[in-house]
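Student: Input structure: work-v5.tsv, which contains TSV, C-alpha atoms.
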chain	number	residue	atom	x	y	z
A	1	MET	CA	-90.78	33.22	38.20
A	2	LYS	CA	-89.74	30.26	40.35
A	3	PRO	CA	-86.37	28.56	39.78
A	4	THR	CA	-88.20	25.50	38.43
A	5	ASP	CA	-89.97	27.56	35.73
A	6	VAL	CA	-86.78	28.16	33.72
A	7	LYS	CA	-86.49	26.10	30.54
A	8	SER	CA	-83.31	24.03	30.56
A	9	SER	CA	-82.41	24.09	26.88
A	10	ALA	CA	-82.18	27.88	26.52
A	11	GLU	CA	-79.61	28.53	29.21
A	12	THR	CA	-76.82	26.14	28.22
A	13	SER	CA	-73.45	27.83	27.95
A	14	ASN	CA	-70.62	26.93	25.61
A	15	VAL	CA	-67.83	24.71	26.91
A	16	HIS	CA	-65.45	26.88	28.94
A	17	ARG	CA	-63.16	26.93	31.96
A	18	ILE	CA	-61.54	29.74	33.88
A	19	GLY	CA	-57.80	30.25	33.97
A	20	ALA	CA	-55.61	29.28	36.89
A	21	GLY	CA	-54.89	32.90	37.86
A	22	ARG	CA	-58.54	33.90	38.07
A	23	PHE	CA	-59.37	30.70	39.95
A	24	ALA	CA	-56.63	31.44	42.51
A	25	ARG	CA	-57.78	35.06	42.93
A	26	GLU	CA	-61.40	34.05	43.51
A	27	LEU	CA	-60.39	31.18	45.81
A	28	PHE	CA	-58.10	33.27	48.03
A	29	ARG	CA	-60.47	36.24	48.04
A	30	ARG	CA	-63.17	34.01	49.54
A	31	PHE	CA	-61.32	31.50	51.68
A	32	ALA	CA	-57.90	32.86	52.71
A	33	PRO	CA	-57.56	33.30	56.48
A	34	TRP	CA	-57.17	36.87	57.73
A	35	TRP	CA	-53.67	36.22	59.06
A	36	MET	CA	-52.48	35.31	55.56
A	37	TRP	CA	-53.18	38.87	54.45
A	38	VAL	CA	-51.36	40.14	57.55
A	39	ALA	CA	-48.33	38.03	56.54
A	40	VAL	CA	-48.41	39.53	53.04
A	41	ALA	CA	-48.51	43.03	54.55
A	42	LEU	CA	-45.57	42.18	56.84
A	43	PHE	CA	-43.61	40.89	53.86
A	44	ALA	CA	-44.29	44.12	51.95
A	45	ALA	CA	-43.29	46.21	54.97
A	46	GLY	CA	-40.09	44.18	55.42
A	47	PHE	CA	-39.24	44.52	51.74
A	48	ILE	CA	-39.73	48.31	51.79
A	49	LEU	CA	-37.77	48.66	55.04
A	50	GLY	CA	-35.04	46.51	53.51
A	51	LEU	CA	-34.71	48.89	50.60
A	52	ALA	CA	-34.91	52.04	52.73
A	53	VAL	CA	-33.19	51.17	56.04
A	54	ASP	CA	-31.31	47.90	56.26
A	55	LEU	CA	-31.08	44.79	54.10
A	56	ARG	CA	-31.83	42.57	57.12
A	57	TRP	CA	-35.46	43.76	57.12
A	58	MET	CA	-35.80	42.39	53.61
A	59	ILE	CA	-34.53	39.02	54.81
A	60	VAL	CA	-37.12	39.06	57.62
A	61	GLY	CA	-39.84	39.86	55.06
A	62	PHE	CA	-38.78	36.96	52.85
A	63	MET	CA	-38.69	34.63	55.86
A	64	ILE	CA	-42.29	35.54	56.63
A	65	LEU	CA	-43.20	35.00	52.99
A	66	LEU	CA	-41.46	31.62	52.72
A	67	VAL	CA	-42.39	30.21	56.16
A	68	ILE	CA	-45.94	31.41	56.86
A	69	LEU	CA	-47.59	31.66	53.45
A	70	PRO	CA	-47.04	28.12	52.06
A	71	PRO	CA	-49.07	26.44	54.83
A	72	ALA	CA	-51.83	29.04	54.41
A	73	LEU	CA	-51.95	28.46	50.67
A	74	ALA	CA	-51.97	24.70	51.20
A	75	PHE	CA	-54.84	25.10	53.68
A	76	CYS	CA	-56.91	27.02	51.13
A	77	TYR	CA	-56.09	24.57	48.37
A	78	TYR	CA	-56.78	21.34	50.25
A	79	SER	CA	-59.75	22.65	52.22
A	80	HIS	CA	-61.59	24.36	49.39
A	81	ALA	CA	-60.14	24.02	45.89
A	82	LEU	CA	-60.45	20.25	45.80
A	83	CYS	CA	-64.13	20.13	46.75
A	84	ARG	CA	-66.62	19.69	43.93
A	85	GLU	CA	-68.09	23.15	44.52
A	86	CYS	CA	-64.78	24.72	43.44
A	87	PHE	CA	-62.91	22.35	41.12
A	88	ILE	CA	-65.73	22.44	38.56
A	89	ASN	CA	-64.26	25.79	37.45
A	90	THR	CA	-60.94	24.27	36.42
A	91	LEU	CA	-62.25	21.60	34.02
A	92	PRO	CA	-63.93	22.43	30.72
A	93	HIS	CA	-67.65	22.58	31.51
A	94	THR	CA	-71.06	23.84	30.50
A	95	VAL	CA	-73.65	25.43	32.78
A	96	THR	CA	-77.33	24.56	32.37
A	97	VAL	CA	-80.50	24.93	34.37
A	98	ALA	CA	-82.10	21.48	34.18
A	99	ASP	CA	-85.16	20.28	36.09
A	100	GLY	CA	-85.05	23.23	38.47
A	101	SER	CA	-81.42	22.71	39.46
A	102	LEU	CA	-78.05	23.97	38.28
A	103	ALA	CA	-76.31	21.32	36.16
A	104	VAL	CA	-72.59	21.61	35.45
A	105	SER	CA	-71.44	19.09	32.82
A	106	LEU	CA	-67.71	18.37	33.06
A	107	TYR	CA	-65.63	17.41	30.02
A	108	VAL	CA	-62.19	15.85	29.45
A	109	ARG	CA	-60.10	15.38	26.33
A	110	ASP	CA	-61.03	12.30	24.34
A	111	GLU	CA	-57.84	10.28	24.12
A	112	ASP	CA	-59.26	8.07	21.35
A	113	SER	CA	-59.68	10.94	18.89
A	114	ASP	CA	-56.86	12.66	17.06
A	115	ASP	CA	-58.50	16.07	16.84
A	116	GLY	CA	-58.49	16.68	20.63
A	117	SER	CA	-62.27	16.70	20.97
A	118	LEU	CA	-63.97	16.57	24.35
A	119	LYS	CA	-66.12	13.86	25.89
A	120	GLU	CA	-68.45	14.27	28.86
A	121	LEU	CA	-67.01	13.03	32.14
A	122	ARG	CA	-70.01	13.55	34.42
A	123	THR	CA	-72.62	16.11	35.45
A	124	GLU	CA	-72.76	17.75	38.87
A	125	TYR	CA	-76.17	18.98	40.06
A	126	PHE	CA	-76.82	21.77	42.55
A	127	ALA	CA	-80.33	22.37	43.94
A	128	PRO	CA	-81.67	25.94	44.07
A	129	GLU	CA	-81.05	25.89	47.84
A	130	SER	CA	-77.33	25.38	47.11
A	131	VAL	CA	-77.08	28.77	45.39
A	132	THR	CA	-76.54	31.05	48.39
A	133	GLY	CA	-75.37	34.18	46.63
A	134	TYR	CA	-74.12	35.66	43.41
A	135	GLU	CA	-72.03	38.58	42.27
A	136	LEU	CA	-72.60	40.22	38.90
A	137	LYS	CA	-69.45	41.60	37.32
A	138	PRO	CA	-69.21	43.32	33.92
A	139	ASP	CA	-67.88	40.19	32.23
A	140	SER	CA	-69.25	37.35	34.37
A	141	CYS	CA	-71.44	36.16	37.21
A	142	ILE	CA	-69.87	34.45	40.22
A	143	ILE	CA	-72.24	32.10	41.99
A	144	GLU	CA	-71.74	31.22	45.64
A	145	LEU	CA	-72.47	27.53	46.22
A	146	ARG	CA	-73.02	25.73	49.50
A	147	ASP	CA	-73.89	22.08	49.09
A	148	ARG	CA	-71.68	19.77	51.11
A	149	ASN	CA	-68.92	22.42	51.16
A	150	ARG	CA	-68.64	26.09	50.32
A	151	GLY	CA	-67.59	26.96	46.80
A	152	PHE	CA	-68.17	29.15	43.79
A	153	LEU	CA	-68.81	28.92	40.07
A	154	VAL	CA	-67.70	31.54	37.56
A	155	VAL	CA	-70.05	31.90	34.58
A	156	PRO	CA	-68.63	34.22	31.90
A	157	ALA	CA	-71.23	36.17	29.94
A	158	SER	CA	-69.21	35.67	26.76
A	159	GLU	CA	-69.86	31.90	26.85
A	160	PHE	CA	-73.51	32.31	25.85
A	161	ASP	CA	-74.41	32.69	22.19
A	162	ASN	CA	-77.52	34.69	23.08
A	163	PRO	CA	-77.30	37.47	25.72
A	164	ASP	CA	-80.91	36.76	26.71
A	165	ASP	CA	-79.89	33.25	27.80
A	166	TYR	CA	-77.31	34.73	30.15
A	167	THR	CA	-79.91	37.16	31.51
A	168	ARG	CA	-82.38	34.33	32.16
A	169	LEU	CA	-79.66	32.33	33.90
A	170	THR	CA	-78.81	35.24	36.22
A	171	GLU	CA	-82.53	35.62	36.96
A	172	TRP	CA	-82.57	31.95	37.98
A	173	PHE	CA	-79.63	32.63	40.32
A	174	ARG	CA	-81.49	35.58	41.84
A	175	GLU	CA	-84.60	33.45	42.40
A	176	SER	CA	-82.52	30.58	43.84
A	177	VAL	CA	-80.89	32.92	46.34
A	178	ALA	CA	-84.35	34.12	47.38
A	179	VAL	CA	-85.47	30.48	47.84
A	180	ALA	CA	-82.34	29.64	49.86
A	181	ASN	CA	-82.76	32.72	52.08
A	182	ASN	CA	-86.45	32.00	52.60
A	183	ASN	CA	-85.68	28.42	53.64
A	184	PHE	CA	-82.94	29.68	55.97
A	185	ASN	CA	-85.37	32.14	57.57
A	186	LYS	CA	-87.92	29.33	58.07
A	187	ILE	CA	-85.31	27.11	59.73
A	188	THR	CA	-84.03	29.82	62.08
A	189	ALA	CA	-87.56	30.94	63.02
A	190	SER	CA	-88.61	27.48	64.21
What's the structure tokens form of this structure?
Tutor:
Amino acid sequence: MKPTDVKSSAETSNVHRIGAGRFARELFRRFAPWWMWVAVALFAAGFILGLAVDLRWMIVGFMILLVILPPALAFCYYSHALCRECFINTLPHTVTVADGSLAVSLYVRDEDSDDGSLKELRTEYFAPESVTGYELKPDSCIIELRDRNRGFLVVPASEFDNPDDYTRLTEWFRESVAVANNNFNKITAS
């Protein structure tokens, strides 16, 4: 099955968004610089030494935490979280395969209605070549995107009314990754 063979109406998810904590975990797991994790380890070591040996080690650990980590977190946030490939996770959205590409429809609260209903803001489209990887977890699928920037999209399995729709969507991701890798191999071979 090619990515363009998937019917678009069957794979539409319910409106959902991921929480801030999960978004931060996925963002920092993918994009945090290696030295940020070294700073966290130094903070932990300073904190433990502060409890066991001398309180001054704890102060050194907190200095590392409060001086080095904020710029690293700001780097991850401004360099990655604000690009369209990542921020689509934070707004209410639906995921659909439409016309052979991944369509993410973004929604905002309708200020004109009293019941807090949602209205569509816009739809972001990602070609099959933009899907460069995916990770199946027990409760969701995390899609690696690379369009203009690197990013990811979390698709919870619970947001589909029919489990077969979720399965077909993950099959589309698998086929898209194969297409992207094949195109990459053609480019590097020439």
Student: Could you pull the residues within 12 Å of region 57-59 of chain A, counting only C-alpha atoms, minus those fewer than 2 positions along the same chain, as a PDB file with C-alpha atoms, in the coordinates of the input?
Tutor:
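The resulting file, result_1.pdb, is shown below:
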ATOM      1  CA  LEU A  42     -45.570  42.180  56.840  1.00  0.00           C
ATOM      2  CA  PHE A  43     -43.610  40.890  53.860  1.00  0.00           C
ATOM      3  CA  ALA A  44     -44.290  44.120  51.950  1.00  0.00           C
ATOM      4  CA  ALA A  45     -43.290  46.210  54.970  1.00  0.00           C
ATOM      5  CA  GLY A  46     -40.090  44.180  55.420  1.00  0.00           C
ATOM      6  CA  PHE A  47     -39.240  44.520  51.740  1.00  0.00           C
ATOM      7  CA  ILE A  48     -39.730  48.310  51.790  1.00  0.00           C
ATOM      8  CA  LEU A  49     -37.770  48.660  55.040  1.00  0.00           C
ATOM      9  CA  GLY A  50     -35.040  46.510  53.510  1.00  0.00           C
ATOM     10  CA  LEU A  51     -34.710  48.890  50.600  1.00  0.00           C
ATOM     11  CA  ALA A  52     -34.910  52.040  52.730  1.00  0.00           C
ATOM     12  CA  VAL A  53     -33.190  51.170  56.040  1.00  0.00           C
ATOM     13  CA  ASP A  54     -31.310  47.900  56.260  1.00  0.00           C
ATOM     14  CA  LEU A  55     -31.080  44.790  54.100  1.00  0.00           C
ATOM     15  CA  GLY A  61     -39.840  39.860  55.060  1.00  0.00           C
ATOM     16  CA  PHE A  62     -38.780  36.960  52.850  1.00  0.00           C
ATOM     17  CA  MET A  63     -38.690  34.630  55.860  1.00  0.00           C
ATOM     18  CA  ILE A  64     -42.290  35.540  56.630  1.00  0.00           C
ATOM     19  CA  LEU A  65     -43.200  35.000  52.990  1.00  0.00           C
ATOM     20  CA  LEU A  66     -41.460  31.620  52.720  1.00  0.00           C
ATOM     21  CA  VAL A  67     -42.390  30.210  56.160  1.00  0.00           C
TER      22      VAL A  67
END
Student: When you count all atoms listed in the file, which of these residues is closest to Leu91 (chain A): A:Ile143, A:Val15, A:Ala157, A:Val179?
Tutor: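 Checking each candidate against Leu91 (chain A), we get A:Val15 as the closest.
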Student: Pull the neighbourhood of (-64.4, 25.3, 44.1) for me: all residues within 8 Å in file coordinates, counting all atoms listed in the file, as a list in words.
Tutor: Leu27, His80, Ala81, Leu82, Cys83, Arg84, Glu85, Cys86, Phe87, Ile88, Asn89, Arg150, Gly151, Phe152 and Leu153 of chain A
Student: Hey, can you check how far CA of Glu175 (chain A) sits from CA of Ala103 (chain A)?
Tutor: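 Computed distance, CA of Glu175 (chain A) to CA of Ala103 (chain A), equals 16.0 Å.
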Student: Point out the residue among A:Tyr77, A:Tyr134, A:Tyr166, A:Phe31 with the least atom-to-atom distance to Thr96 (chain A), counting all atoms listed in the file.
Tutor: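 Ranked by minimum distance to Thr96 (chain A), first place goes to A:Tyr166.
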Student: Go ahead and compute the interatomic distance for CA of Arg30 (chain A) and CA of Asp161 (chain A), in Å to one decimal.
Tutor: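 Separation of CA of Arg30 (chain A) and CA of Asp161 (chain A): 29.6 Å.
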Student: For Gly19 (chain A), list every protein, DNA or RNA residue within 12 Å, evaluated using all atoms listed in the file, and leave out those in the same chain fewer than 4 positions away; present the list as a list in words.
Tutor: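 Skipping anything fewer than 4 positions along the chain leaves Phe23, Ala24, Arg25, Glu26, Phe87, Asn89, Thr90, Leu91, Pro92, Val154 and Pro156 of chain A.
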Student: Would you mind listing what lies within 7 Å of Ser101 (chain A) as JSON, numbers by chain, with only C-alpha atoms counted and same-chain residues fewer than 4 positions away left out?
Tutor: {"A": [97, 125, 126, 127, 128]}
Student: With distances taken over all atoms listed in the file, which residue among A:Glu135, A:Leu169, A:Glu144, A:Leu118 lies nearest Ala98 (chain A)?
Tutor: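 Closest candidate: A:Leu169.
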Student: Please measure the separation of CA of Val104 (chain A) and CA of Glu120 (chain A), giving the value in Å to one decimal.
Tutor: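 We find that CA of Val104 (chain A) and CA of Glu120 (chain A) lie 10.7 Å from each other.
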Student: I'd like to know which of A:Leu136, A:Val60, A:Leu121, A:Val155 is closest to Ala39 (chain A), using all atoms listed in the file.
Tutor: A:Val60
Student: Rebuild region 23-48 of chain A to N, CA, C and O atoms - output it as a PDB file, in the frame of the given file, please.
Tutor:
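Wrote it out as rebuild_38.pdb, contents follow:
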ATOM      1  N   PHE A  23     -58.912  31.655  38.947  1.00  0.00           N
ATOM      2  CA  PHE A  23     -59.370  30.700  39.950  1.00  0.00           C
ATOM      3  C   PHE A  23     -58.690  30.959  41.290  1.00  0.00           C
ATOM      4  O   PHE A  23     -59.339  30.989  42.336  1.00  0.00           O
ATOM      5  N   ALA A  24     -57.372  31.175  41.276  1.00  0.00           N
ATOM      6  CA  ALA A  24     -56.630  31.440  42.510  1.00  0.00           C
ATOM      7  C   ALA A  24     -57.098  32.738  43.164  1.00  0.00           C
ATOM      8  O   ALA A  24     -57.274  32.798  44.386  1.00  0.00           O
ATOM      9  N   ARG A  25     -57.309  33.789  42.364  1.00  0.00           N
ATOM     10  CA  ARG A  25     -57.780  35.060  42.930  1.00  0.00           C
ATOM     11  C   ARG A  25     -59.135  34.902  43.602  1.00  0.00           C
ATOM     12  O   ARG A  25     -59.337  35.379  44.720  1.00  0.00           O
ATOM     13  N   GLU A  26     -60.064  34.241  42.928  1.00  0.00           N
ATOM     14  CA  GLU A  26     -61.400  34.050  43.510  1.00  0.00           C
ATOM     15  C   GLU A  26     -61.343  33.151  44.734  1.00  0.00           C
ATOM     16  O   GLU A  26     -62.028  33.384  45.722  1.00  0.00           O
ATOM     17  N   LEU A  27     -60.518  32.108  44.688  1.00  0.00           N
ATOM     18  CA  LEU A  27     -60.390  31.180  45.810  1.00  0.00           C
ATOM     19  C   LEU A  27     -59.830  31.890  47.045  1.00  0.00           C
ATOM     20  O   LEU A  27     -60.398  31.800  48.139  1.00  0.00           O
ATOM     21  N   PHE A  28     -58.731  32.622  46.880  1.00  0.00           N
ATOM     22  CA  PHE A  28     -58.100  33.270  48.030  1.00  0.00           C
ATOM     23  C   PHE A  28     -58.905  34.473  48.514  1.00  0.00           C
ATOM     24  O   PHE A  28     -58.884  34.793  49.693  1.00  0.00           O
ATOM     25  N   ARG A  29     -59.629  35.111  47.618  1.00  0.00           N
ATOM     26  CA  ARG A  29     -60.470  36.240  48.040  1.00  0.00           C
ATOM     27  C   ARG A  29     -61.585  35.743  48.971  1.00  0.00           C
ATOM     28  O   ARG A  29     -61.979  36.435  49.905  1.00  0.00           O
ATOM     29  N   ARG A  30     -62.073  34.543  48.738  1.00  0.00           N
ATOM     30  CA  ARG A  30     -63.170  34.010  49.540  1.00  0.00           C
ATOM     31  C   ARG A  30     -62.715  33.232  50.772  1.00  0.00           C
ATOM     32  O   ARG A  30     -63.360  33.266  51.801  1.00  0.00           O
ATOM     33  N   PHE A  31     -61.628  32.476  50.654  1.00  0.00           N
ATOM     34  CA  PHE A  31     -61.320  31.500  51.680  1.00  0.00           C
ATOM     35  C   PHE A  31     -59.986  31.693  52.405  1.00  0.00           C
ATOM     36  O   PHE A  31     -59.679  30.913  53.307  1.00  0.00           O
ATOM     37  N   ALA A  32     -59.193  32.669  52.041  1.00  0.00           N
ATOM     38  CA  ALA A  32     -57.900  32.860  52.710  1.00  0.00           C
ATOM     39  C   ALA A  32     -58.127  33.369  54.131  1.00  0.00           C
ATOM     40  O   ALA A  32     -58.948  34.257  54.364  1.00  0.00           O
ATOM     41  N   PRO A  33     -57.415  32.810  55.102  1.00  0.00           N
ATOM     42  CA  PRO A  33     -57.560  33.300  56.480  1.00  0.00           C
ATOM     43  C   PRO A  33     -57.016  34.725  56.606  1.00  0.00           C
ATOM     44  O   PRO A  33     -56.127  35.138  55.858  1.00  0.00           O
ATOM     45  N   TRP A  34     -57.548  35.458  57.569  1.00  0.00           N
ATOM     46  CA  TRP A  34     -57.170  36.870  57.730  1.00  0.00           C
ATOM     47  C   TRP A  34     -55.673  37.012  58.005  1.00  0.00           C
ATOM     48  O   TRP A  34     -55.052  37.969  57.559  1.00  0.00           O
ATOM     49  N   TRP A  35     -55.070  36.074  58.713  1.00  0.00           N
ATOM     50  CA  TRP A  35     -53.670  36.220  59.060  1.00  0.00           C
ATOM     51  C   TRP A  35     -52.762  36.025  57.847  1.00  0.00           C
ATOM     52  O   TRP A  35     -51.615  36.451  57.860  1.00  0.00           O
ATOM     53  N   MET A  36     -53.283  35.418  56.785  1.00  0.00           N
ATOM     54  CA  MET A  36     -52.480  35.310  55.560  1.00  0.00           C
ATOM     55  C   MET A  36     -52.275  36.694  54.947  1.00  0.00           C
ATOM     56  O   MET A  36     -51.180  37.025  54.486  1.00  0.00           O
ATOM     57  N   TRP A  37     -53.311  37.508  54.989  1.00  0.00           N
ATOM     58  CA  TRP A  37     -53.180  38.870  54.450  1.00  0.00           C
ATOM     59  C   TRP A  37     -52.275  39.715  55.341  1.00  0.00           C
ATOM     60  O   TRP A  37     -51.557  40.596  54.851  1.00  0.00           O
ATOM     61  N   VAL A  38     -52.282  39.448  56.652  1.00  0.00           N
ATOM     62  CA  VAL A  38     -51.360  40.140  57.550  1.00  0.00           C
ATOM     63  C   VAL A  38     -49.920  39.755  57.213  1.00  0.00           C
ATOM     64  O   VAL A  38     -49.021  40.605  57.201  1.00  0.00           O
ATOM     65  N   ALA A  39     -49.674  38.476  56.913  1.00  0.00           N
ATOM     66  CA  ALA A  39     -48.330  38.030  56.540  1.00  0.00           C
ATOM     67  C   ALA A  39     -47.862  38.682  55.243  1.00  0.00           C
ATOM     68  O   ALA A  39     -46.691  39.058  55.118  1.00  0.00           O
ATOM     69  N   VAL A  40     -48.772  38.849  54.293  1.00  0.00           N
ATOM     70  CA  VAL A  40     -48.410  39.530  53.040  1.00  0.00           C
ATOM     71  C   VAL A  40     -48.059  40.989  53.316  1.00  0.00           C
ATOM     72  O   VAL A  40     -47.084  41.524  52.770  1.00  0.00           O
ATOM     73  N   ALA A  41     -48.815  41.636  54.196  1.00  0.00           N
ATOM     74  CA  ALA A  41     -48.510  43.030  54.550  1.00  0.00           C
ATOM     75  C   ALA A  41     -47.171  43.129  55.275  1.00  0.00           C
ATOM     76  O   ALA A  41     -46.391  44.063  55.027  1.00  0.00           O
ATOM     77  N   LEU A  42     -46.877  42.173  56.158  1.00  0.00           N
ATOM     78  CA  LEU A  42     -45.570  42.180  56.840  1.00  0.00           C
ATOM     79  C   LEU A  42     -44.427  41.952  55.865  1.00  0.00           C
ATOM     80  O   LEU A  42     -43.356  42.555  55.997  1.00  0.00           O
ATOM     81  N   PHE A  43     -44.634  41.090  54.887  1.00  0.00           N
ATOM     82  CA  PHE A  43     -43.610  40.890  53.860  1.00  0.00           C
ATOM     83  C   PHE A  43     -43.366  42.187  53.097  1.00  0.00           C
ATOM     84  O   PHE A  43     -42.217  42.579  52.882  1.00  0.00           O
ATOM     85  N   ALA A  44     -44.441  42.869  52.693  1.00  0.00           N
ATOM     86  CA  ALA A  44     -44.290  44.120  51.950  1.00  0.00           C
ATOM     87  C   ALA A  44     -43.579  45.176  52.799  1.00  0.00           C
ATOM     88  O   ALA A  44     -42.698  45.887  52.307  1.00  0.00           O
ATOM     89  N   ALA A  45     -43.950  45.243  54.088  1.00  0.00           N
ATOM     90  CA  ALA A  45     -43.290  46.210  54.970  1.00  0.00           C
ATOM     91  C   ALA A  45     -41.815  45.869  55.132  1.00  0.00           C
ATOM     92  O   ALA A  45     -40.951  46.768  55.094  1.00  0.00           O
ATOM     93  N   GLY A  46     -41.486  44.590  55.306  1.00  0.00           N
ATOM     94  CA  GLY A  46     -40.090  44.180  55.420  1.00  0.00           C
ATOM     95  C   GLY A  46     -39.306  44.454  54.159  1.00  0.00           C
ATOM     96  O   GLY A  46     -38.141  44.873  54.203  1.00  0.00           O
ATOM     97  N   PHE A  47     -39.908  44.262  53.016  1.00  0.00           N
ATOM     98  CA  PHE A  47     -39.240  44.520  51.740  1.00  0.00           C
ATOM     99  C   PHE A  47     -38.942  46.014  51.583  1.00  0.00           C
ATOM    100  O   PHE A  47     -37.837  46.400  51.205  1.00  0.00           O
ATOM    101  N   ILE A  48     -39.921  46.853  51.917  1.00  0.00           N
ATOM    102  CA  ILE A  48     -39.730  48.310  51.790  1.00  0.00           C
ATOM    103  C   ILE A  48     -38.692  48.792  52.802  1.00  0.00           C
ATOM    104  O   ILE A  48     -37.813  49.604  52.460  1.00  0.00           O
TER     105      ILE A  48
END
